[in-house]
Amino acid sequence: MNSQRAWTVAWFCLGLLALRAAPIATPPATLDLAKATVVVRPGTLPPAEQTAARILVEEVQRRTGLRWGIATEWPRRGAVVALSGGAALPGWPAILPADPDRDARASRPEGFRLVAAGAGSTRPVVWIQGADARGALFGVGQLLRSLEWGKGSAALPAGLDVATAPALPIRGHQLGYRHTANSYDGWDERQFEQYIRELALFGANSIEAIPFHDTRKSPHMPIPRDAMNRKISEICDRYGMDHWIWAPADFDLRDAAKRAEHLAAHAALFRDCPRMDAVFFPGGDPGDNPPEVVLEYLAELSVPLRRHHPKATIWLSMQGFRKVQVDYVREWFGRNSPDWLGGLVAGPSSPPIPEIRSWLPARYGLRDYPDITHTVRCQFPVSWWDPAYHLTLGREPANPRPVFQKAILDQFGPYTSGFITYSDGAHDDVNKTVWSRLGWQPDAGARDIVLEYARCFFGAAAAQPAADGILALEKNWEGPLADNGGVEATLALWERLERGHPELHGDWRWQLCLLRAYYDAYTRQRLLHETEQERRANACLATAPRVGADAAMDSALALARMEIADPVARKRRARIGELCADLFRTIRLQTSVPLYQASGYERGAVLDFVDQPLNNRRWLEDEFRRVRGLASEGAKLRELETIRRWENPGPGSFYDEVGNIAKSPRVVRGEGTNTDPTMERNPNPGYWWWDDGKTRKRLSLLTSVDWPIGLRYHHLDASASYRLKMTGSGRPKVRANGQLLAPVKDGRIEVGESMEWVVPAGTLRNGDLLVTFDALPEEAELNWRKQSRVSEVWLLRE
């Protein structure tokens with residue numbers, strides 16, 4: 001790692017120049033490889049090069065049914081795939097056409113050249129010339145991504161000539177065999193190897209295991225954790241891939257007994273694993289040890305690590321560190337430069353990546369640890385996600401976000417030595433692929449990557465529409481769901497693909513896409529129905545003075561509870577259940593706690609929330625129960641009027657549910673995620689998780705922002721009096737057209753409570769009003785759950 005920084009910059013630039021494959025959609029000719037033989041170098045080969053040949057023939061057979069042979073001598077007839085790694089060329093009768101520029105590019109570490117030659121001849125040759133054993137493995141990945149295949153057929157575009165090397169030296173993903181995961185804990189060695197193989201096909205060179213964290217026993221594990229930890233290391237060794245572990249300490253490291261036990265467990269793991277390249281120690285999340293104790297402990301940990309794996313290194317993240325702790329680490333680097341330390345890791349709640357890189361010595365690497373697995377309450381939440389999705393899909397649904405993932409790496413990749421992503425299941429598979437490819441070639445387009453993904457796993461016939469279908473799934477999550485008619489179009493596309501490709505019905509990646517398409521459309525259908533039912537229920541409450549409070553509540557509740565009866569919706573609901581069952585069979589995806597023993601309702605249990613109410617009927621039930629207990633009819637009527645007009649305060653007054661994209665027309669929003677993927681200049685709503693997702697609170701209280709850029713009002717009556725009312729939590733500091741307002745009643749509000757301010761006379765300017773919020777620096781180091789925020793804002797005309 002001594003030249004890590006220079007290596008990173010050089011390779012990132014080279015990645016931007018990487019030669020792309022010729023277009024595959026309309027090639028002038030193809031090389032028929034149906035009867036090809038894979039020729040490898042004779043003698044003892046590095047494990048990764050041996051594995052590359054095996055992968056190639058196995059994956060071709062898996063896709064096409066064709067059985068390619070492996071030989072060390074050139075066959076007398078038929079097509080040849082010549083595979084080699086390393087600078088020494090084997091003594092074969094044909095030679096790879098020389099090209100100095102391409103050969104120079106392909107000769108970089110892990111690089112390769114892939115050439116399809118001999119179109120129209122009876123002896124076509126496909127060359128895969130790796131710069132090293134890994135280069136041969138990644139060249140096989142390029143071939144499989146470029147292959148035009150179907151049952152009984154395999155071809156490559158004639159003239160294909162790819163010469164490339166990776167931009168970033170670290171390109172990996174975390175695969176934790178633990179109960180927390182929503183699928184990995186149900187995999188056997190075969191499934192892990194297949195998945196690691198498929199990640200390598202797209203350029204991944206590192207796998208990070210989680211050997212110790214989460215000691216709960218999973219009902220799905222086919223073998224004990226210690227056995228699987230060793231097998232993952234063995235797989236990495238066979239594939240020539242780096243093996244990392246994520247190894248937090250969620251106890252006080254000053255406890256001598258626990259520390260000794262922790263060190264002993266690690267020493268045993270180091271001894272047991274045939275390959276160990278790095279240990280990642282998160283400074284927080286979990287863990288809360290001061291950096292001076294952590295760094296002392298890591299030096300101690302390096303002794304058994306280096307005893308068994310002399311080149312292995314340790315990496316530290318500063319997740320959750322306060323400024324004084326970050327300053328300590330920075331100063332420590334000014335005094336120390338141990339060779340056992342590989343560098344720092346930037347994960348969720350770490351200092352900004354550019355800031356770390358600015359002071360971290362060049363000899364040390366900086367690894368990104370991006371959360372690609374979650375949608376809410378995470379490092380990279382979906383921007384302004386419709387609350388209906390939060391209520392149903394939750395935190396770990398199938399979440400292909402290729403365009404957004406590229407925006408993240410575009411922004412931070414040049415500062416880093418690479419990444420190993422945070423993943424808790426196979427549901428984020430598309431995102432892993434995008435990161436793997438961009439780590440190799442940063443200027444690759446999101447659609448180009450998704451098209452390769454679809455061609456590789458679904459075949460040429462389905463590739464184009466399936467790629468567009470995956471991109472459409474990302475679009476499903478943009479803007480108000482009720483207004484997004486594209487959701488229906490996305491499902492229509494996937495239904496056509498489903499009918500047209502029955503051969504893919506057992507493919508788990510196909511199943512994940514179908515599940516999302518059906519789920520999104522069913523959720524939208526329910527949202528439209530249940531929103532209308534709540535509108536009708538509120539209209540019933542208007543009749544209370546005439547029919548009586550109790551009768552009005554009875555009628556309103558019956559309407560709010562009315563479930564959708566549309567047969568199309570019922571069919572979609574049934575298909576969702578079928579696909580969840582299919583996914584449990586294929587990849588042990590745990591979409592339900594009671595049915596499939598998911599580790600928790602927040603861990604991908606989308607089936608348990610598929611019928612979650614999308615209107616306020618639960619809240620209405622509780623409110624009506626309270627109202628019925630009031631002593632007088634007049635009191636009941638007053639309360640019902642407040643409920644009825646909650647979101648409709650009357651002429652000249654306004655209501656915004658600040659964190660709901662569909663109900664916040666006056667909220668000022670900032671930059672898009674293309675230039676601000678961390679949403680620092682476009683504050684993103686938070687979505688609260690209470691009562692395992694089954695809360696009975698009013699839905700508007702589940703969303704909040706800390707703080708919105710502002711709320712802008714136009715065409716107000718400058719001669720009228722107004723007051724602001726807000727729900728949320730904490731102590732908001734509010735300004736009206738720049739003037740700080742004093743609350744009517746000072747103090748702190750809790751969830752469900754409200755605070756009010758009088759808008760001073762003369763504040764309005766030509767009928768315009770901008771409401772803004774002061775930052776609260778005194779809360780900067782508070783846990784985010786304790787920070788102040790706003791949920792709803794009313795501007796009420798007196």
# chains A, B, ... in the order shown; residues from 1 in each chain; ligands from 1
>>> residues_around(residues="Gly686 of chain A", least_positions_apart="2", cutoff="8 Å", atoms="only C-alpha atoms", output="NGL selection string")
:A and (376-377 or 659 or 684 or 688 or 703-705)
>>> write_last_selection(atoms="all heavy atoms", output="PDB file, in the first residue's frame")
ATOM      1  N   VAL A 376     -34.176   3.849   3.420  1.00  0.00           N
ATOM      2  CA  VAL A 376     -34.512   4.888   4.396  1.00  0.00           C
ATOM      3  C   VAL A 376     -33.682   4.664   5.661  1.00  0.00           C
ATOM      4  O   VAL A 376     -33.158   3.580   5.882  1.00  0.00           O
ATOM      5  CB  VAL A 376     -36.011   4.876   4.773  1.00  0.00           C
ATOM      6  CG1 VAL A 376     -36.872   5.291   3.592  1.00  0.00           C
ATOM      7  CG2 VAL A 376     -36.446   3.514   5.299  1.00  0.00           C
ATOM      8  N   ARG A 377     -33.571   5.733   6.469  1.00  0.00           N
ATOM      9  CA  ARG A 377     -32.793   5.674   7.715  1.00  0.00           C
ATOM     10  C   ARG A 377     -31.402   5.103   7.433  1.00  0.00           C
ATOM     11  O   ARG A 377     -30.971   4.128   8.041  1.00  0.00           O
ATOM     12  CB  ARG A 377     -33.528   4.868   8.798  1.00  0.00           C
ATOM     13  CG  ARG A 377     -34.852   5.493   9.202  1.00  0.00           C
ATOM     14  CD  ARG A 377     -35.582   4.690  10.258  1.00  0.00           C
ATOM     15  NE  ARG A 377     -35.995   3.375   9.776  1.00  0.00           N
ATOM     16  CZ  ARG A 377     -37.039   3.155   9.002  1.00  0.00           C
ATOM     17  NH1 ARG A 377     -37.797   4.161   8.608  1.00  0.00           N
ATOM     18  NH2 ARG A 377     -37.359   1.935   8.618  1.00  0.00           N
ATOM     19  N   GLY A 659     -42.610  16.445   4.802  1.00  0.00           N
ATOM     20  CA  GLY A 659     -41.796  15.362   4.272  1.00  0.00           C
ATOM     21  C   GLY A 659     -42.493  14.469   3.263  1.00  0.00           C
ATOM     22  O   GLY A 659     -41.937  13.448   2.865  1.00  0.00           O
ATOM     23  N   ASN A 684     -33.463  15.915   2.862  1.00  0.00           N
ATOM     24  CA  ASN A 684     -34.343  14.795   2.524  1.00  0.00           C
ATOM     25  C   ASN A 684     -35.197  14.410   3.726  1.00  0.00           C
ATOM     26  O   ASN A 684     -34.732  14.456   4.862  1.00  0.00           O
ATOM     27  CB  ASN A 684     -33.493  13.590   2.098  1.00  0.00           C
ATOM     28  CG  ASN A 684     -34.300  12.546   1.375  1.00  0.00           C
ATOM     29  OD1 ASN A 684     -34.925  12.828   0.361  1.00  0.00           O
ATOM     30  ND2 ASN A 684     -34.296  11.328   1.886  1.00  0.00           N
ATOM     31  N   TRP A 688     -39.987   7.759  10.188  1.00  0.00           N
ATOM     32  CA  TRP A 688     -39.869   7.123  11.494  1.00  0.00           C
ATOM     33  C   TRP A 688     -40.369   5.685  11.458  1.00  0.00           C
ATOM     34  O   TRP A 688     -41.278   5.342  10.693  1.00  0.00           O
ATOM     35  CB  TRP A 688     -40.659   7.919  12.531  1.00  0.00           C
ATOM     36  CG  TRP A 688     -40.060   9.259  12.797  1.00  0.00           C
ATOM     37  CD1 TRP A 688     -40.458  10.454  12.280  1.00  0.00           C
ATOM     38  CD2 TRP A 688     -38.919   9.527  13.612  1.00  0.00           C
ATOM     39  NE1 TRP A 688     -39.651  11.470  12.730  1.00  0.00           N
ATOM     40  CE2 TRP A 688     -38.695  10.927  13.557  1.00  0.00           C
ATOM     41  CE3 TRP A 688     -38.077   8.747  14.390  1.00  0.00           C
ATOM     42  CZ2 TRP A 688     -37.660  11.549  14.248  1.00  0.00           C
ATOM     43  CZ3 TRP A 688     -37.048   9.362  15.084  1.00  0.00           C
ATOM     44  CH2 TRP A 688     -36.841  10.735  15.010  1.00  0.00           C
ATOM     45  N   THR A 703     -43.360  11.249   8.837  1.00  0.00           N
ATOM     46  CA  THR A 703     -42.383  11.921   7.991  1.00  0.00           C
ATOM     47  C   THR A 703     -41.958  13.225   8.652  1.00  0.00           C
ATOM     48  O   THR A 703     -42.749  13.873   9.334  1.00  0.00           O
ATOM     49  CB  THR A 703     -42.961  12.236   6.596  1.00  0.00           C
ATOM     50  OG1 THR A 703     -44.057  13.146   6.744  1.00  0.00           O
ATOM     51  CG2 THR A 703     -43.429  10.978   5.913  1.00  0.00           C
ATOM     52  N   SER A 704     -40.708  13.595   8.456  1.00  0.00           N
ATOM     53  CA  SER A 704     -40.212  14.845   9.020  1.00  0.00           C
ATOM     54  C   SER A 704     -38.949  15.249   8.278  1.00  0.00           C
ATOM     55  O   SER A 704     -38.320  14.441   7.592  1.00  0.00           O
ATOM     56  CB  SER A 704     -39.931  14.697  10.520  1.00  0.00           C
ATOM     57  OG  SER A 704     -38.947  13.705  10.751  1.00  0.00           O
ATOM     58  N   VAL A 705     -38.580  16.519   8.443  1.00  0.00           N
ATOM     59  CA  VAL A 705     -37.372  17.048   7.809  1.00  0.00           C
ATOM     60  C   VAL A 705     -36.644  17.915   8.831  1.00  0.00           C
ATOM     61  O   VAL A 705     -37.272  18.652   9.592  1.00  0.00           O
ATOM     62  CB  VAL A 705     -37.711  17.897   6.564  1.00  0.00           C
ATOM     63  CG1 VAL A 705     -36.422  18.382   5.892  1.00  0.00           C
ATOM     64  CG2 VAL A 705     -38.552  17.109   5.571  1.00  0.00           C
TER      65      VAL A 705
END
>>> residues_around(residues="segment 590-600 of chain A", least_positions_apart="3", cutoff="12 Å", atoms="only C-alpha atoms", output="short mmCIF file (atom, residue, chain, number, x, y, z; two decimals) with N, CA, C and O atoms, in the first residue's frame")
data_model
loop_
_atom_site.label_atom_id
_atom_site.label_comp_id
_atom_site.auth_asym_id
_atom_site.auth_seq_id
_atom_site.Cartn_x
_atom_site.Cartn_y
_atom_site.Cartn_z
N ARG A 178 -24.86 -14.05 8.52
CA ARG A 178 -25.37 -13.77 9.86
C ARG A 178 -26.88 -13.60 9.77
O ARG A 178 -27.44 -13.35 8.69
N HIS A 179 -27.54 -13.69 10.93
CA HIS A 179 -29.00 -13.66 10.95
C HIS A 179 -29.55 -12.31 10.47
O HIS A 179 -30.65 -12.24 9.93
N THR A 180 -28.78 -11.23 10.65
CA THR A 180 -29.23 -9.90 10.22
C THR A 180 -29.58 -9.88 8.75
O THR A 180 -30.52 -9.20 8.33
N ALA A 181 -28.83 -10.60 7.94
CA ALA A 181 -29.03 -10.59 6.50
C ALA A 181 -30.40 -11.16 6.13
O ALA A 181 -30.93 -12.02 6.83
N ASN A 182 -30.94 -10.68 5.01
CA ASN A 182 -32.26 -11.17 4.60
C ASN A 182 -32.21 -12.34 3.63
O ASN A 182 -33.24 -12.82 3.17
N SER A 183 -31.00 -12.83 3.33
CA SER A 183 -30.89 -13.98 2.42
C SER A 183 -29.60 -14.76 2.60
O SER A 183 -29.61 -15.99 2.56
N TYR A 184 -28.47 -14.08 2.82
CA TYR A 184 -27.18 -14.75 2.88
C TYR A 184 -27.13 -15.87 3.92
O TYR A 184 -26.42 -16.87 3.74
N ASP A 185 -27.88 -15.71 5.02
CA ASP A 185 -27.79 -16.71 6.09
C ASP A 185 -28.43 -18.04 5.70
O ASP A 185 -28.28 -19.03 6.42
N GLY A 186 -29.13 -18.06 4.57
CA GLY A 186 -29.72 -19.31 4.11
C GLY A 186 -28.94 -20.00 3.01
O GLY A 186 -29.37 -21.01 2.48
N TRP A 187 -27.75 -19.45 2.67
CA TRP A 187 -26.99 -20.00 1.55
C TRP A 187 -26.01 -21.07 2.00
O TRP A 187 -25.44 -21.00 3.09
N ASP A 214 -23.41 -10.26 15.47
CA ASP A 214 -24.76 -10.83 15.50
C ASP A 214 -24.67 -12.32 15.82
O ASP A 214 -24.59 -13.17 14.93
N ARG A 216 -26.93 -14.16 17.17
CA ARG A 216 -28.20 -14.89 17.15
C ARG A 216 -28.11 -16.07 16.19
O ARG A 216 -27.49 -15.99 15.14
N LYS A 217 -28.77 -17.15 16.54
CA LYS A 217 -28.77 -18.33 15.68
C LYS A 217 -29.87 -18.18 14.64
O LYS A 217 -31.04 -18.00 14.96
N SER A 218 -29.49 -18.24 13.39
CA SER A 218 -30.46 -18.15 12.31
C SER A 218 -31.09 -19.51 12.05
O SER A 218 -30.40 -20.54 12.03
N PRO A 219 -32.41 -19.55 11.83
CA PRO A 219 -33.05 -20.84 11.51
C PRO A 219 -32.73 -21.33 10.11
O PRO A 219 -33.09 -22.46 9.75
N HIS A 220 -32.05 -20.49 9.33
CA HIS A 220 -31.82 -20.83 7.92
C HIS A 220 -30.43 -21.40 7.64
O HIS A 220 -30.21 -21.98 6.57
N MET A 221 -29.49 -21.23 8.54
CA MET A 221 -28.10 -21.57 8.24
C MET A 221 -27.91 -23.07 8.01
O MET A 221 -28.19 -23.87 8.90
N THR A 392 -44.73 0.41 3.05
CA THR A 392 -44.91 -0.94 2.51
C THR A 392 -43.57 -1.62 2.20
O THR A 392 -43.23 -2.65 2.78
N LEU A 393 -42.81 -1.04 1.29
CA LEU A 393 -41.53 -1.64 0.91
C LEU A 393 -40.49 -1.54 2.02
O LEU A 393 -39.66 -2.42 2.19
N GLY A 394 -40.53 -0.45 2.76
CA GLY A 394 -39.65 -0.33 3.92
C GLY A 394 -38.19 -0.15 3.56
O GLY A 394 -37.84 0.45 2.55
N ARG A 395 -37.32 -0.71 4.37
CA ARG A 395 -35.90 -0.39 4.34
C ARG A 395 -35.06 -1.28 3.42
O ARG A 395 -34.00 -0.87 2.98
N GLU A 396 -35.51 -2.51 3.16
CA GLU A 396 -34.70 -3.44 2.37
C GLU A 396 -35.50 -4.16 1.30
O GLU A 396 -35.55 -5.39 1.26
N PRO A 397 -36.13 -3.44 0.39
CA PRO A 397 -36.78 -4.12 -0.72
C PRO A 397 -35.78 -4.34 -1.86
O PRO A 397 -34.64 -3.88 -1.80
N ALA A 398 -36.21 -5.03 -2.90
CA ALA A 398 -35.42 -5.04 -4.13
C ALA A 398 -35.26 -3.59 -4.57
O ALA A 398 -36.26 -2.90 -4.78
N ASP A 424 -26.77 -6.18 2.94
CA ASP A 424 -27.36 -7.17 3.85
C ASP A 424 -28.26 -8.15 3.12
O ASP A 424 -29.16 -8.72 3.74
N GLY A 425 -28.04 -8.33 1.83
CA GLY A 425 -28.85 -9.32 1.12
C GLY A 425 -28.73 -9.19 -0.38
O GLY A 425 -28.14 -8.24 -0.91
N ALA A 426 -29.32 -10.15 -1.08
CA ALA A 426 -29.24 -10.18 -2.54
C ALA A 426 -30.19 -9.18 -3.20
O ALA A 426 -30.16 -9.02 -4.42
N HIS A 427 -31.02 -8.51 -2.41
CA HIS A 427 -31.99 -7.57 -2.98
C HIS A 427 -31.33 -6.39 -3.67
O HIS A 427 -31.96 -5.72 -4.49
N LEU A 512 -36.93 -11.07 -8.67
CA LEU A 512 -36.83 -9.82 -7.92
C LEU A 512 -37.41 -8.65 -8.70
O LEU A 512 -38.12 -7.80 -8.15
N LEU A 515 -41.20 -8.99 -8.77
CA LEU A 515 -41.79 -8.65 -7.47
C LEU A 515 -41.92 -7.15 -7.32
O LEU A 515 -42.98 -6.65 -6.90
N ILE A 576 -47.79 -11.29 -6.00
CA ILE A 576 -46.76 -10.87 -5.05
C ILE A 576 -46.46 -12.01 -4.07
O ILE A 576 -45.31 -12.32 -3.79
N GLY A 577 -47.50 -12.63 -3.55
CA GLY A 577 -47.30 -13.74 -2.63
C GLY A 577 -46.57 -14.90 -3.28
O GLY A 577 -45.70 -15.53 -2.66
N GLU A 578 -46.91 -15.19 -4.54
CA GLU A 578 -46.24 -16.28 -5.26
C GLU A 578 -44.75 -15.98 -5.45
O GLU A 578 -43.90 -16.87 -5.28
N LEU A 579 -44.45 -14.75 -5.84
CA LEU A 579 -43.05 -14.39 -6.08
C LEU A 579 -42.24 -14.40 -4.79
O LEU A 579 -41.06 -14.80 -4.80
N CYS A 580 -42.83 -14.00 -3.68
CA CYS A 580 -42.12 -14.09 -2.40
C CYS A 580 -41.81 -15.54 -2.05
O CYS A 580 -40.71 -15.85 -1.55
N ALA A 581 -42.76 -16.43 -2.32
CA ALA A 581 -42.51 -17.86 -2.08
C ALA A 581 -41.41 -18.37 -3.00
O ALA A 581 -40.53 -19.14 -2.58
N ASP A 582 -41.44 -17.95 -4.27
CA ASP A 582 -40.41 -18.37 -5.22
C ASP A 582 -39.03 -17.91 -4.76
O ASP A 582 -38.05 -18.66 -4.83
N LEU A 583 -38.94 -16.67 -4.29
CA LEU A 583 -37.65 -16.12 -3.89
C LEU A 583 -37.11 -16.78 -2.62
O LEU A 583 -35.89 -16.89 -2.44
N PHE A 584 -37.99 -17.25 -1.77
CA PHE A 584 -37.51 -18.00 -0.62
C PHE A 584 -36.92 -19.34 -1.06
O PHE A 584 -35.90 -19.79 -0.53
N ARG A 585 -37.54 -19.94 -2.07
CA ARG A 585 -37.01 -21.22 -2.58
C ARG A 585 -35.69 -21.03 -3.32
O ARG A 585 -34.78 -21.85 -3.19
N THR A 586 -35.57 -19.95 -4.11
CA THR A 586 -34.38 -19.81 -4.95
C THR A 586 -33.19 -19.24 -4.20
O THR A 586 -32.05 -19.72 -4.38
N ILE A 587 -33.39 -18.21 -3.38
CA ILE A 587 -32.24 -17.58 -2.70
C ILE A 587 -32.49 -17.36 -1.22
O ILE A 587 -31.77 -16.59 -0.57
N ARG A 603 -36.18 -5.86 8.08
CA ARG A 603 -35.15 -6.55 7.30
C ARG A 603 -35.74 -7.23 6.08
O ARG A 603 -35.66 -8.45 5.92
N GLY A 604 -36.36 -6.45 5.20
CA GLY A 604 -36.83 -6.99 3.93
C GLY A 604 -38.16 -7.71 3.99
O GLY A 604 -38.53 -8.39 3.03
N ALA A 605 -38.92 -7.55 5.09
CA ALA A 605 -40.19 -8.27 5.24
C ALA A 605 -41.31 -7.56 4.49
O ALA A 605 -42.33 -7.16 5.07
N VAL A 606 -41.15 -7.42 3.19
CA VAL A 606 -42.12 -6.65 2.39
C VAL A 606 -43.49 -7.32 2.33
O VAL A 606 -44.51 -6.65 2.18
N LEU A 607 -43.53 -8.64 2.44
CA LEU A 607 -44.81 -9.33 2.36
C LEU A 607 -45.68 -9.01 3.58
O LEU A 607 -46.91 -8.98 3.48
N ASP A 608 -45.06 -8.74 4.71
CA ASP A 608 -45.81 -8.44 5.93
C ASP A 608 -46.45 -7.05 5.89
O ASP A 608 -47.30 -6.73 6.72
N PHE A 609 -46.04 -6.22 4.92
CA PHE A 609 -46.57 -4.85 4.83
C PHE A 609 -47.27 -4.57 3.51
O PHE A 609 -47.61 -3.42 3.23
N VAL A 610 -47.48 -5.61 2.73
CA VAL A 610 -48.06 -5.39 1.41
C VAL A 610 -49.47 -4.81 1.50
O VAL A 610 -49.92 -4.10 0.58
N ASP A 691 -43.14 0.81 16.52
CA ASP A 691 -44.00 -0.36 16.74
C ASP A 691 -43.85 -1.39 15.63
O ASP A 691 -44.83 -1.95 15.12
N ASP A 692 -42.59 -1.65 15.26
CA ASP A 692 -42.30 -2.63 14.19
C ASP A 692 -43.07 -2.32 12.91
O ASP A 692 -43.50 -3.22 12.18
N GLY A 693 -43.24 -1.04 12.63
CA GLY A 693 -43.90 -0.64 11.40
C GLY A 693 -45.41 -0.68 11.45
O GLY A 693 -46.06 -0.39 10.44
#
>>> select_by_dssp(residues="segment 186-328 of chain A", states="strand (DSSP E or B)", output="JSON, numbers by chain")
{"A": [206, 207, 208, 209, 242, 243, 244, 245, 246, 278, 279, 280, 281, 282, 284, 288, 313, 314, 315, 316, 317]}
>>> residues_around(residues="segment 316-330 of chain A", least_positions_apart="6", cutoff="8 Å", atoms="only C-alpha atoms", output="ChimeraX atom specification")
/A:280-285,290-292,343-351,359-360,781
>>> residues_around(residues="Val279 of chain A", least_positions_apart="5", cutoff="7 Å", atoms="only C-alpha atoms", output="ChimeraX atom specification")
/A:244-247,313-315
>>> write_last_selection(atoms="all heavy atoms", output="mmCIF file, in the first residue's frame")
data_model
loop_
_atom_site.group_PDB
_atom_site.id
_atom_site.type_symbol
_atom_site.label_atom_id
_atom_site.label_comp_id
_atom_site.auth_asym_id
_atom_site.auth_seq_id
_atom_site.Cartn_x
_atom_site.Cartn_y
_atom_site.Cartn_z
ATOM 1 N N TRP A 244 -11.600 -9.969 2.942
ATOM 2 C CA TRP A 244 -11.639 -9.031 4.051
ATOM 3 C C TRP A 244 -12.615 -9.561 5.102
ATOM 4 O O TRP A 244 -13.478 -10.382 4.807
ATOM 5 C CB TRP A 244 -12.152 -7.664 3.599
ATOM 6 C CG TRP A 244 -11.286 -6.871 2.678
ATOM 7 C CD1 TRP A 244 -10.828 -7.243 1.448
ATOM 8 C CD2 TRP A 244 -10.816 -5.533 2.901
ATOM 9 N NE1 TRP A 244 -10.095 -6.230 0.890
ATOM 10 C CE2 TRP A 244 -10.075 -5.159 1.762
ATOM 11 C CE3 TRP A 244 -10.956 -4.628 3.945
ATOM 12 C CZ2 TRP A 244 -9.474 -3.908 1.636
ATOM 13 C CZ3 TRP A 244 -10.364 -3.376 3.820
ATOM 14 C CH2 TRP A 244 -9.625 -3.029 2.692
ATOM 15 N N ILE A 245 -12.472 -9.052 6.313
ATOM 16 C CA ILE A 245 -13.517 -9.274 7.316
ATOM 17 C C ILE A 245 -13.897 -7.937 7.946
ATOM 18 O O ILE A 245 -13.070 -7.028 8.077
ATOM 19 C CB ILE A 245 -13.111 -10.272 8.417
ATOM 20 C CG1 ILE A 245 -11.915 -9.768 9.229
ATOM 21 C CG2 ILE A 245 -12.850 -11.644 7.838
ATOM 22 C CD1 ILE A 245 -11.652 -10.570 10.502
ATOM 23 N N TRP A 246 -15.160 -7.828 8.311
ATOM 24 C CA TRP A 246 -15.691 -6.676 9.064
ATOM 25 C C TRP A 246 -15.758 -7.119 10.513
ATOM 26 O O TRP A 246 -16.468 -8.055 10.846
ATOM 27 C CB TRP A 246 -17.069 -6.323 8.513
ATOM 28 C CG TRP A 246 -17.735 -5.135 9.134
ATOM 29 C CD1 TRP A 246 -17.481 -3.826 8.881
ATOM 30 C CD2 TRP A 246 -18.831 -5.151 10.065
ATOM 31 N NE1 TRP A 246 -18.340 -3.018 9.597
ATOM 32 C CE2 TRP A 246 -19.178 -3.809 10.335
ATOM 33 C CE3 TRP A 246 -19.557 -6.159 10.699
ATOM 34 C CZ2 TRP A 246 -20.212 -3.461 11.209
ATOM 35 C CZ3 TRP A 246 -20.581 -5.817 11.566
ATOM 36 C CH2 TRP A 246 -20.901 -4.481 11.815
ATOM 37 N N ALA A 247 -14.984 -6.448 11.373
ATOM 38 C CA ALA A 247 -14.768 -6.973 12.724
ATOM 39 C C ALA A 247 -14.889 -5.865 13.760
ATOM 40 O O ALA A 247 -13.876 -5.340 14.258
ATOM 41 C CB ALA A 247 -13.393 -7.628 12.811
ATOM 42 N N THR A 313 -3.441 -6.373 6.124
ATOM 43 C CA THR A 313 -3.452 -5.050 6.750
ATOM 44 C C THR A 313 -4.763 -4.834 7.503
ATOM 45 O O THR A 313 -5.737 -5.570 7.334
ATOM 46 C CB THR A 313 -3.290 -3.942 5.698
ATOM 47 O OG1 THR A 313 -4.293 -4.103 4.686
ATOM 48 C CG2 THR A 313 -1.911 -3.986 5.069
ATOM 49 N N ILE A 314 -4.763 -3.795 8.338
ATOM 50 C CA ILE A 314 -5.940 -3.423 9.118
ATOM 51 C C ILE A 314 -6.391 -2.036 8.681
ATOM 52 O O ILE A 314 -5.562 -1.147 8.442
ATOM 53 C CB ILE A 314 -5.645 -3.448 10.627
ATOM 54 C CG1 ILE A 314 -5.287 -4.877 11.065
ATOM 55 C CG2 ILE A 314 -6.833 -2.931 11.434
ATOM 56 C CD1 ILE A 314 -4.882 -4.997 12.527
ATOM 57 N N TRP A 315 -7.705 -1.852 8.580
ATOM 58 C CA TRP A 315 -8.288 -0.582 8.154
ATOM 59 C C TRP A 315 -9.273 -0.107 9.220
ATOM 60 O O TRP A 315 -9.992 -0.912 9.817
ATOM 61 C CB TRP A 315 -8.998 -0.748 6.813
ATOM 62 C CG TRP A 315 -8.094 -1.128 5.676
ATOM 63 C CD1 TRP A 315 -7.341 -2.265 5.567
ATOM 64 C CD2 TRP A 315 -7.841 -0.359 4.505
ATOM 65 N NE1 TRP A 315 -6.635 -2.259 4.398
ATOM 66 C CE2 TRP A 315 -6.930 -1.098 3.713
ATOM 67 C CE3 TRP A 315 -8.293 0.869 4.037
ATOM 68 C CZ2 TRP A 315 -6.464 -0.633 2.484
ATOM 69 C CZ3 TRP A 315 -7.847 1.336 2.798
ATOM 70 C CH2 TRP A 315 -6.927 0.591 2.039
#
>>> closest_residue(among="A:Gly342, A:Gly445, A:Gly629, A:Gly135", to="Ala165 of chain A", atoms="only C-alpha atoms")
A:Gly135
>>> select_by_dssp(residues="segment 83-129 of chain A", states="alpha helix (DSSP H)", output="PyMOL selection string")
chain A and resi 100-106
